[in-house]
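So the structure is just underneath, and the comments pick up after that.
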Amino acid sequence: MTADSLHAMQRAEQQRRLRLEDRILCCTVAGCLSGRAAAVRASIQEQIDLQGRAGRVEVCGTGCMGLCCEGPLVRSSAADAILTNATPADGAALAAGDWSRFGERILLPDHPFFAGQRRIILGNSGHADPERFADYVAGGGYRSLLRAATEMAPEEIIAEVKKSRLRGRGGAGYPAGIKWELVARQRSAAKYVVCNADEGDPGAFMNRSVLEGDPHRVLEGMAIAGRALGAQQGYIYARGESPLAIARLRTALEQAQREGLLRGQMFDSHFSFRIDLRIGAGAYVCGEETALLASIEGKRGQPVPRPPYPPESGLWGHPTLINNVETFANIPTILEKGGDWFAAIGTPASPGTKVFALAGRIVRTGLVEVPIGTPLRTILYQLGGGVPKGHEFKAAQTGGPAGGCIPARYLDLPMDYDSLTAIGTKMGSGGLIVLDSSSCMVDLARFFMEFCMDESCGKCIPCRAGTVQMHDILARMTRGEGVESDFEILEQLAALLKETSLCGLGIAAPNPVVSTLHHFREEYEAHVHERRCLAGHCRMPVPAGAIQ
Amino acid sequence: MLERVMSRHQYSGSALIEVLHTAQQLYGYLSKPLLGTIAHKLRLPPSKVLGVATFYHLFRFVPVREHTVVVCLGTACYEAGGTELMSTVKRHRPESEWTVEAGRCVGSCGLAPVVICDGEGLSRVTPETLVTRLGGRLS
């Protein structure tokens, strides 16, 4: 592909769309598919043919529009509206463009769920078909890669990323530009770019939705990184449990290669970059960077001590850049609109947007993208519609098994890396699970500890044995068999794991315990002292005097 | 097919996980003789192949049964009653026909609790709907 053919493809696709009366986009991401979105799409197609509107109206798939709880979602470009809870029976009206009967099922762009959002990473979702190359190109796709390969020097690309002050979206928030510079500085015959798509936190489905909804954006971001660092090979390490994301990535890779990108030299430049897919096999620890690299090399996913860090010595001992899916997904836009534009969104210390996955006791569950620093209250109440009637907000869990809880008194906390760390939790990759009074915090801590215990790779003793000990104590507490000394032992073990574990899994494993002990100590005390579960969740032994 | 994947990676040991994925897709599970063949072809010690295969959750070493049901026990599904669904499944399914697995978050948290029945995702599952579904599959 040359610069001219890229521009020609973009123009042709844009003009083709102008000739259409309506473009109907059905969400074809895992959530809506489980609500029979495929049947809805087939029905619309059938009706278009039946009504003889083929050529004037088309139906296609698209990425996540966010409101998963009301799925399947269907968007019409002519009506500029979204139909919720679509069924195959709606096919005829949708094909005819007759929205008069849908009534309250219509969502307009000014709905509070959308009004508070700022979509960059999810910008194409609801507007483009992830399985069509031309759709990505029509929205300006691969133009940033074209510029990076033909017009910009590697230093300029890195300077732009540094200017954007983009921070790693995998959870730790390390400045991306500085990491890129570290790898670029290394002298080595081979360098690698690795995309960490091993999204293993239970309760997180942001990366998966990006891969299913806009895979080319991630590929483009990785190729730009390759150009900036002088790397020629990239790997995407995808989670084995997300077959649809893997299939979409495969399709996207094949398309890009067929168009002459990501295979040999591109755009008549000297830059060539290739990306291979590696599929994980269900090991949470592989989200840790050194374990991930070991897994790509075909070994057990066990971490190794750092330093040396991967930018110095990574895959097969060569300098390696590892970034998260969402980090790479930001890159094409940063190059397109400039680092300064990006830095102006969000907060000065954490610019840009963040995708959050809303789940649990909340009216509207799904995926939202907001500027970093948006208060939790806005996300939960304006976008998420608050907790359902009859329930009371208790806490929001963030960061999965490595994170903690945000209790109700911090509802106005801005959601950015540093504010969350300050109250003992983590931004993590963006899972946000809302808990109400029926959730027992002791049992939640036990749940996460059980997860870490199962997922500990077994290499270092603090994590391997410590998680078992901590889980035993928590399990005893939830059975009403806790004793006073358990508190002290829990706290000692938490400190021990944090200070002496080899990798992030063990270091962060005590976080949910420490966080819930800090914010909800009264629940622990009720379990131990009164043999009572305040949430009524744990089955407690009946006290001897209670039976009359 | 397995041979093709191995040759595409030039019989390199670093392709072990890819090869194991393909082998499991083809044969449903990883039998001892199959692991032995892979070790031989990739010129790896059998202990290493077994070590890698058993490290990862997704590889299985016994054949799958006719039907598979995966109950998601990620955070959102756990809080929404996933464990109750798990015990429902265990109570109601005949041993011989079902492989029952606990899932590690399938990423449909907005629709919790989720159960995957023979590859088809079911959302907002209750014990009642699940029993009906499992019953329907049997008849």
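Residue numbering restarts at 1 for every chain of the structure tokens, chains are lettered A, B, ... in their displayed order, and ligands are numbered from 1 as they appear.
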
Please tabulate, as CSV, the residues of chain B that come within 6 Å of chain A, each with its closest pair of atoms and the distance in Å to one decimal, counting only C-alpha atoms and ordering rows by chain, then residue number upward.
residue,atom,partner,partner_atom,distance
B:Ser14,CA,A:Gly298,CA,4.2
B:Ala15,CA,A:Gly298,CA,5.6
B:Leu16,CA,A:Gly298,CA,5.2
B:Ile17,CA,A:Gly298,CA,5.5
B:Val52,CA,A:Arg300,CA,5.0
B:Tyr56,CA,A:Ala281,CA,5.4
B:His57,CA,A:Gly282,CA,4.9
B:Leu58,CA,A:Ala281,CA,5.1
B:Gly74,CA,A:Pro202,CA,4.7
B:Thr75,CA,A:Pro202,CA,5.5
B:Ala76,CA,A:Gly360,CA,5.5
B:Cys105,CA,A:Pro202,CA,5.0
B:Gly107,CA,A:Phe205,CA,4.8
B:Ser108,CA,A:Gly31,CA,5.4
B:Cys109,CA,A:Ala359,CA,5.7
B:Gly110,CA,A:Thr365,CA,4.8
B:Gly121,CA,A:Ser34,CA,5.0

Using only C-alpha atoms, which protein or nucleic acid residues come within 12 Å of A:His529? Drop anything in the same chain fewer than 4 positions from it, and give the result as a PDB file with C-alpha atoms, in the first residue's frame.
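File written: around.pdb
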ATOM      1  CA  MET A 477     -13.672 -15.695  59.553  1.00  0.00           C
ATOM      2  CA  GLY A 480     -17.629 -17.660  62.027  1.00  0.00           C
ATOM      3  CA  GLU A 481     -14.513 -19.305  63.396  1.00  0.00           C
ATOM      4  CA  GLY A 482     -12.209 -16.302  63.486  1.00  0.00           C
ATOM      5  CA  VAL A 483     -10.238 -15.419  66.612  1.00  0.00           C
ATOM      6  CA  GLU A 484      -8.865 -12.122  67.891  1.00  0.00           C
ATOM      7  CA  SER A 485      -5.260 -12.932  67.014  1.00  0.00           C
ATOM      8  CA  ASP A 486      -6.214 -13.355  63.369  1.00  0.00           C
ATOM      9  CA  PHE A 487      -6.186  -9.584  62.890  1.00  0.00           C
ATOM     10  CA  ARG A 521     -13.031  -3.016  59.922  1.00  0.00           C
ATOM     11  CA  GLU A 522     -16.382  -3.161  61.703  1.00  0.00           C
ATOM     12  CA  GLU A 523     -17.457  -5.978  59.377  1.00  0.00           C
ATOM     13  CA  TYR A 524     -14.396  -8.024  60.266  1.00  0.00           C
ATOM     14  CA  GLU A 525     -14.991  -7.353  63.952  1.00  0.00           C
ATOM     15  CA  CYS A 533     -22.175 -11.157  59.060  1.00  0.00           C
ATOM     16  CA  PRO A 543     -25.123 -19.053  68.955  1.00  0.00           C
TER      17      PRO A 543
END

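Going from atom CA of A:Leu496 over to atom CA of A:Pro512, you cover 15.0 Å.
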
10 Å contact set for A:Val137, only C-alpha atoms, chain neighbours under 6 positions out, as JSON, numbers by chain: {"A": [6, 7, 8, 9, 10, 11, 13, 14, 128, 143, 216]}

Backbone DSSP call of strand (DSSP E) for chain B, listed as an NGL selection string: :B and (67-72 or 98-103 or 115-117 or 120-122)

Let me see the file: selected residues, N, CA and C atoms, as a PDB file, in the first residue's frame.
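Writing the result to again-v6.pdb gives the following:
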ATOM      1  N   HIS B  67     -21.282 -32.578  26.487  1.00  0.00           N
ATOM      2  CA  HIS B  67     -21.660 -31.179  26.690  1.00  0.00           C
ATOM      3  C   HIS B  67     -20.710 -30.529  27.692  1.00  0.00           C
ATOM      4  N   THR B  68     -20.528 -29.219  27.521  1.00  0.00           N
ATOM      5  CA  THR B  68     -19.690 -28.487  28.460  1.00  0.00           C
ATOM      6  C   THR B  68     -20.481 -27.311  29.015  1.00  0.00           C
ATOM      7  N   VAL B  69     -20.383 -27.114  30.307  1.00  0.00           N
ATOM      8  CA  VAL B  69     -21.001 -25.936  30.901  1.00  0.00           C
ATOM      9  C   VAL B  69     -19.950 -25.225  31.752  1.00  0.00           C
ATOM     10  N   VAL B  70     -19.748 -23.949  31.459  1.00  0.00           N
ATOM     11  CA  VAL B  70     -18.791 -23.147  32.205  1.00  0.00           C
ATOM     12  C   VAL B  70     -19.564 -22.104  32.996  1.00  0.00           C
ATOM     13  N   VAL B  71     -19.448 -22.162  34.316  1.00  0.00           N
ATOM     14  CA  VAL B  71     -20.098 -21.164  35.160  1.00  0.00           C
ATOM     15  C   VAL B  71     -19.062 -20.109  35.498  1.00  0.00           C
ATOM     16  N   CYS B  72     -19.333 -18.866  35.114  1.00  0.00           N
ATOM     17  CA  CYS B  72     -18.358 -17.811  35.376  1.00  0.00           C
ATOM     18  C   CYS B  72     -18.343 -17.482  36.864  1.00  0.00           C
ATOM     19  N   TRP B  98     -21.829 -34.329  31.066  1.00  0.00           N
ATOM     20  CA  TRP B  98     -21.424 -32.939  31.190  1.00  0.00           C
ATOM     21  C   TRP B  98     -20.021 -32.774  31.749  1.00  0.00           C
ATOM     22  N   THR B  99     -19.265 -31.882  31.113  1.00  0.00           N
ATOM     23  CA  THR B  99     -18.043 -31.398  31.712  1.00  0.00           C
ATOM     24  C   THR B  99     -18.383 -30.057  32.341  1.00  0.00           C
ATOM     25  N   VAL B 100     -18.149 -29.947  33.650  1.00  0.00           N
ATOM     26  CA  VAL B 100     -18.481 -28.707  34.343  1.00  0.00           C
ATOM     27  C   VAL B 100     -17.197 -27.980  34.719  1.00  0.00           C
ATOM     28  N   GLU B 101     -17.126 -26.706  34.364  1.00  0.00           N
ATOM     29  CA  GLU B 101     -15.933 -25.938  34.699  1.00  0.00           C
ATOM     30  C   GLU B 101     -16.316 -24.604  35.315  1.00  0.00           C
ATOM     31  N   ALA B 102     -15.430 -24.087  36.178  1.00  0.00           N
ATOM     32  CA  ALA B 102     -15.614 -22.743  36.716  1.00  0.00           C
ATOM     33  C   ALA B 102     -14.820 -21.799  35.831  1.00  0.00           C
ATOM     34  N   GLY B 103     -15.448 -20.737  35.371  1.00  0.00           N
ATOM     35  CA  GLY B 103     -14.777 -19.790  34.489  1.00  0.00           C
ATOM     36  C   GLY B 103     -14.137 -18.673  35.273  1.00  0.00           C
ATOM     37  N   VAL B 115     -23.338 -17.839  32.274  1.00  0.00           N
ATOM     38  CA  VAL B 115     -22.998 -19.257  32.143  1.00  0.00           C
ATOM     39  C   VAL B 115     -22.790 -19.527  30.662  1.00  0.00           C
ATOM     40  N   ILE B 116     -21.779 -20.318  30.330  1.00  0.00           N
ATOM     41  CA  ILE B 116     -21.563 -20.660  28.931  1.00  0.00           C
ATOM     42  C   ILE B 116     -21.891 -22.127  28.736  1.00  0.00           C
ATOM     43  N   CYS B 117     -22.909 -22.358  27.930  1.00  0.00           N
ATOM     44  CA  CYS B 117     -23.449 -23.695  27.758  1.00  0.00           C
ATOM     45  C   CYS B 117     -23.118 -24.145  26.334  1.00  0.00           C
ATOM     46  N   GLU B 120     -22.312 -21.353  24.018  1.00  0.00           N
ATOM     47  CA  GLU B 120     -23.267 -20.256  23.881  1.00  0.00           C
ATOM     48  C   GLU B 120     -23.392 -19.521  25.206  1.00  0.00           C
ATOM     49  N   GLY B 121     -23.195 -18.205  25.166  1.00  0.00           N
ATOM     50  CA  GLY B 121     -23.245 -17.425  26.399  1.00  0.00           C
ATOM     51  C   GLY B 121     -24.670 -17.141  26.844  1.00  0.00           C
ATOM     52  N   LEU B 122     -24.986 -17.427  28.104  1.00  0.00           N
ATOM     53  CA  LEU B 122     -26.299 -17.100  28.654  1.00  0.00           C
ATOM     54  C   LEU B 122     -26.092 -16.002  29.679  1.00  0.00           C
TER      55      LEU B 122
END

Given only C-alpha atoms as the counted atoms, nearest of A:Ala172, A:Ala89, A:Ala138, A:Ile372 to A:Arg17: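 Counting only C-alpha atoms, the residue closest to A:Arg17 is A:Ala138.
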
Residue with smallest distance to B:Thr88 - pool B:Arg65, B:Val125, B:Leu130, B:Phe59, counting only C-alpha atoms: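 Among the listed residues, B:Leu130 lies closest to B:Thr88.
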
DSSP on the backbone, then: every residue of stretch 54-257 of chain A marked helix (DSSP H, G or I), written as a PDB file with C-alpha atoms, in the first residue's frame.
ATOM      1  CA  CYS A  68     -24.282  -3.718  27.567  1.00  0.00           C
ATOM      2  CA  CYS A  69     -27.225  -4.173  29.954  1.00  0.00           C
ATOM      3  CA  GLU A  70     -29.699  -2.961  27.307  1.00  0.00           C
ATOM      4  CA  PRO A  88     -35.218 -10.050  15.207  1.00  0.00           C
ATOM      5  CA  ALA A  89     -38.828  -8.793  15.055  1.00  0.00           C
ATOM      6  CA  ASP A  90     -37.503  -5.220  14.801  1.00  0.00           C
ATOM      7  CA  GLY A  91     -35.760  -6.053  11.514  1.00  0.00           C
ATOM      8  CA  ALA A  92     -38.505  -4.813   9.190  1.00  0.00           C
ATOM      9  CA  ALA A  93     -38.908  -1.426  10.862  1.00  0.00           C
ATOM     10  CA  LEU A  94     -35.138  -0.919  11.073  1.00  0.00           C
ATOM     11  CA  ALA A  95     -34.641  -1.796   7.414  1.00  0.00           C
ATOM     12  CA  ALA A  96     -37.400   0.626   6.435  1.00  0.00           C
ATOM     13  CA  GLY A 103     -40.773   4.694  21.759  1.00  0.00           C
ATOM     14  CA  GLU A 104     -38.771   4.458  24.944  1.00  0.00           C
ATOM     15  CA  ARG A 105     -36.307   2.011  23.504  1.00  0.00           C
ATOM     16  CA  PRO A 112     -26.817  11.114  30.197  1.00  0.00           C
ATOM     17  CA  PHE A 113     -24.985   7.840  29.575  1.00  0.00           C
ATOM     18  CA  PHE A 114     -23.304   9.291  26.486  1.00  0.00           C
ATOM     19  CA  ALA A 115     -23.245  12.992  27.376  1.00  0.00           C
ATOM     20  CA  PHE A 133     -10.382  -2.688   6.655  1.00  0.00           C
ATOM     21  CA  ALA A 134     -11.911   0.156   4.613  1.00  0.00           C
ATOM     22  CA  ASP A 135     -14.075   1.148   7.587  1.00  0.00           C
ATOM     23  CA  TYR A 136     -11.024   1.791   9.717  1.00  0.00           C
ATOM     24  CA  VAL A 137      -9.341   3.696   6.910  1.00  0.00           C
ATOM     25  CA  ALA A 138     -12.453   5.809   6.284  1.00  0.00           C
ATOM     26  CA  ARG A 143      -2.780   7.819   8.427  1.00  0.00           C
ATOM     27  CA  SER A 144      -0.771   8.231  11.629  1.00  0.00           C
ATOM     28  CA  LEU A 145       1.293   5.193  10.699  1.00  0.00           C
ATOM     29  CA  LEU A 146       1.817   6.665   7.244  1.00  0.00           C
ATOM     30  CA  ARG A 147       3.123   9.872   8.784  1.00  0.00           C
ATOM     31  CA  ALA A 148       5.285   7.958  11.260  1.00  0.00           C
ATOM     32  CA  ALA A 149       6.806   5.829   8.511  1.00  0.00           C
ATOM     33  CA  THR A 150       7.370   8.509   5.909  1.00  0.00           C
ATOM     34  CA  PRO A 154      11.767   8.299  15.399  1.00  0.00           C
ATOM     35  CA  GLU A 155      12.800  11.027  17.857  1.00  0.00           C
ATOM     36  CA  GLU A 156       9.878  13.173  16.760  1.00  0.00           C
ATOM     37  CA  ILE A 157       7.409  10.356  17.417  1.00  0.00           C
ATOM     38  CA  ILE A 158       8.806   9.781  20.889  1.00  0.00           C
ATOM     39  CA  ALA A 159       8.790  13.523  21.556  1.00  0.00           C
ATOM     40  CA  GLU A 160       5.107  13.643  20.650  1.00  0.00           C
ATOM     41  CA  VAL A 161       4.274  10.720  22.950  1.00  0.00           C
ATOM     42  CA  LYS A 162       6.251  12.345  25.760  1.00  0.00           C
ATOM     43  CA  LYS A 163       4.457  15.614  25.188  1.00  0.00           C
ATOM     44  CA  SER A 164       1.128  13.829  25.537  1.00  0.00           C
ATOM     45  CA  ALA A 176       4.727   5.682  28.086  1.00  0.00           C
ATOM     46  CA  GLY A 177       7.074   8.190  26.438  1.00  0.00           C
ATOM     47  CA  ILE A 178       9.836   7.529  28.964  1.00  0.00           C
ATOM     48  CA  LYS A 179       9.502   3.770  28.478  1.00  0.00           C
ATOM     49  CA  TRP A 180       9.686   4.207  24.706  1.00  0.00           C
ATOM     50  CA  GLU A 181      12.787   6.348  25.035  1.00  0.00           C
ATOM     51  CA  LEU A 182      14.474   3.719  27.220  1.00  0.00           C
ATOM     52  CA  VAL A 183      14.009   1.080  24.516  1.00  0.00           C
ATOM     53  CA  ALA A 184      14.916   3.451  21.680  1.00  0.00           C
ATOM     54  CA  ARG A 185      18.230   4.268  23.357  1.00  0.00           C
ATOM     55  CA  MET A 206     -12.130  -3.066  28.458  1.00  0.00           C
ATOM     56  CA  ASN A 207      -9.247  -4.481  26.461  1.00  0.00           C
ATOM     57  CA  ARG A 208     -11.350  -7.271  25.146  1.00  0.00           C
ATOM     58  CA  SER A 209     -13.944  -4.797  23.879  1.00  0.00           C
ATOM     59  CA  VAL A 210     -11.271  -2.669  22.215  1.00  0.00           C
ATOM     60  CA  LEU A 211      -9.814  -5.731  20.474  1.00  0.00           C
ATOM     61  CA  GLU A 212     -13.241  -6.952  19.408  1.00  0.00           C
ATOM     62  CA  GLY A 213     -14.453  -3.522  18.384  1.00  0.00           C
ATOM     63  CA  PRO A 215      -8.485  -4.172  16.397  1.00  0.00           C
ATOM     64  CA  HIS A 216      -6.739  -2.102  13.720  1.00  0.00           C
ATOM     65  CA  ARG A 217      -6.278   0.774  16.156  1.00  0.00           C
ATOM     66  CA  VAL A 218      -4.107  -1.436  18.366  1.00  0.00           C
ATOM     67  CA  LEU A 219      -2.122  -2.803  15.410  1.00  0.00           C
ATOM     68  CA  GLU A 220      -1.478   0.731  14.156  1.00  0.00           C
ATOM     69  CA  GLY A 221      -0.323   1.865  17.607  1.00  0.00           C
ATOM     70  CA  MET A 222       2.096  -1.054  17.828  1.00  0.00           C
ATOM     71  CA  ALA A 223       3.526  -0.404  14.358  1.00  0.00           C
ATOM     72  CA  ILE A 224       4.081   3.261  15.227  1.00  0.00           C
ATOM     73  CA  ALA A 225       5.942   2.120  18.350  1.00  0.00           C
ATOM     74  CA  GLY A 226       8.014  -0.192  16.158  1.00  0.00           C
ATOM     75  CA  ARG A 227       8.983   2.715  13.946  1.00  0.00           C
ATOM     76  CA  ALA A 228       9.845   4.922  16.942  1.00  0.00           C
ATOM     77  CA  LEU A 229      12.022   2.314  18.642  1.00  0.00           C
ATOM     78  CA  PRO A 243     -11.985 -16.357  21.389  1.00  0.00           C
ATOM     79  CA  LEU A 244     -13.825 -13.540  19.631  1.00  0.00           C
ATOM     80  CA  ALA A 245     -11.073 -11.014  20.334  1.00  0.00           C
ATOM     81  CA  ILE A 246      -8.536 -13.477  18.945  1.00  0.00           C
ATOM     82  CA  ALA A 247     -10.622 -14.069  15.820  1.00  0.00           C
ATOM     83  CA  ARG A 248     -11.025 -10.327  15.205  1.00  0.00           C
ATOM     84  CA  LEU A 249      -7.300  -9.774  15.691  1.00  0.00           C
ATOM     85  CA  ARG A 250      -6.510 -12.556  13.228  1.00  0.00           C
ATOM     86  CA  THR A 251      -8.870 -11.047  10.646  1.00  0.00           C
ATOM     87  CA  ALA A 252      -7.380  -7.588  11.147  1.00  0.00           C
ATOM     88  CA  LEU A 253      -3.813  -8.897  10.819  1.00  0.00           C
ATOM     89  CA  GLU A 254      -4.648 -10.738   7.604  1.00  0.00           C
ATOM     90  CA  GLN A 255      -6.344  -7.656   6.164  1.00  0.00           C
ATOM     91  CA  ALA A 256      -3.424  -5.394   7.007  1.00  0.00           C
ATOM     92  CA  GLN A 257      -0.981  -7.852   5.490  1.00  0.00           C
TER      93      GLN A 257
END

Find the spatial neighbours of B:Leu42, counting only C-alpha atoms, within a cut-off of 7 Å - ignore same-chain residues fewer than 5 positions away - and output them as a short mmCIF file (atom, residue, chain, number, x, y, z; two decimals) with all heavy atoms, in the first residue's frame.
data_model
loop_
_atom_site.label_atom_id
_atom_site.label_comp_id
_atom_site.auth_asym_id
_atom_site.auth_seq_id
_atom_site.Cartn_x
_atom_site.Cartn_y
_atom_site.Cartn_z
N TYR B 11 9.84 -26.01 14.05
CA TYR B 11 10.04 -26.97 15.15
C TYR B 11 10.79 -26.35 16.32
O TYR B 11 11.58 -27.00 16.99
CB TYR B 11 10.74 -28.23 14.65
CG TYR B 11 9.89 -28.98 13.65
CD1 TYR B 11 10.03 -28.73 12.28
CD2 TYR B 11 8.93 -29.88 14.06
CE1 TYR B 11 9.23 -29.38 11.36
CE2 TYR B 11 8.12 -30.53 13.15
CZ TYR B 11 8.27 -30.27 11.80
OH TYR B 11 7.46 -30.91 10.90
N SER B 12 10.54 -25.02 16.52
CA SER B 12 11.23 -24.34 17.61
C SER B 12 10.50 -24.59 18.93
O SER B 12 9.27 -24.61 18.99
CB SER B 12 11.27 -22.84 17.30
OG SER B 12 11.29 -22.10 18.50
N GLY B 13 11.28 -24.77 19.98
CA GLY B 13 10.72 -25.00 21.30
C GLY B 13 9.88 -23.83 21.78
O GLY B 13 8.98 -23.99 22.60
#

Minimum-distance residue to B:Val106, chosen among B:Val49, B:Ala23, B:Leu73, B:Leu134 (using only C-alpha atoms): B:Leu73

Nearest candidate to B:Leu20 (options B:Ser7, B:Glu97, B:Leu44, B:Ala53; using only C-alpha atoms):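 Looking at the shortest contact to B:Leu20, the residue is B:Ala53.
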
Near-A:Arg446 list (12 Å; only C-alpha atoms; drop same-chain fewer than 2 positions) as a ChimeraX atom specification: /A:401,440-444,448-453,467-479,490,509-514,516-517,524,538 /B:75,78

Among listed residues A:Leu502, A:Ala190, A:Leu411, A:Gly170, nearest A:Gly430 (using only C-alpha atoms): A:Gly170

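The closest residue to B:Arg91, picked from B:Val114, B:Gly28, B:Pro127, B:Met1 and counting only C-alpha atoms, is B:Pro127.
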
Exercise: A:Gly386 partners within 6 Å, only C-alpha atoms, chain neighbours under 4 positions left out, as number ranges by chain: A: 362-363, 380-381

Interatomic distance, atom CA of A:His270 to atom CA of A:Arg258 (Å, one decimal): 18.4 Å
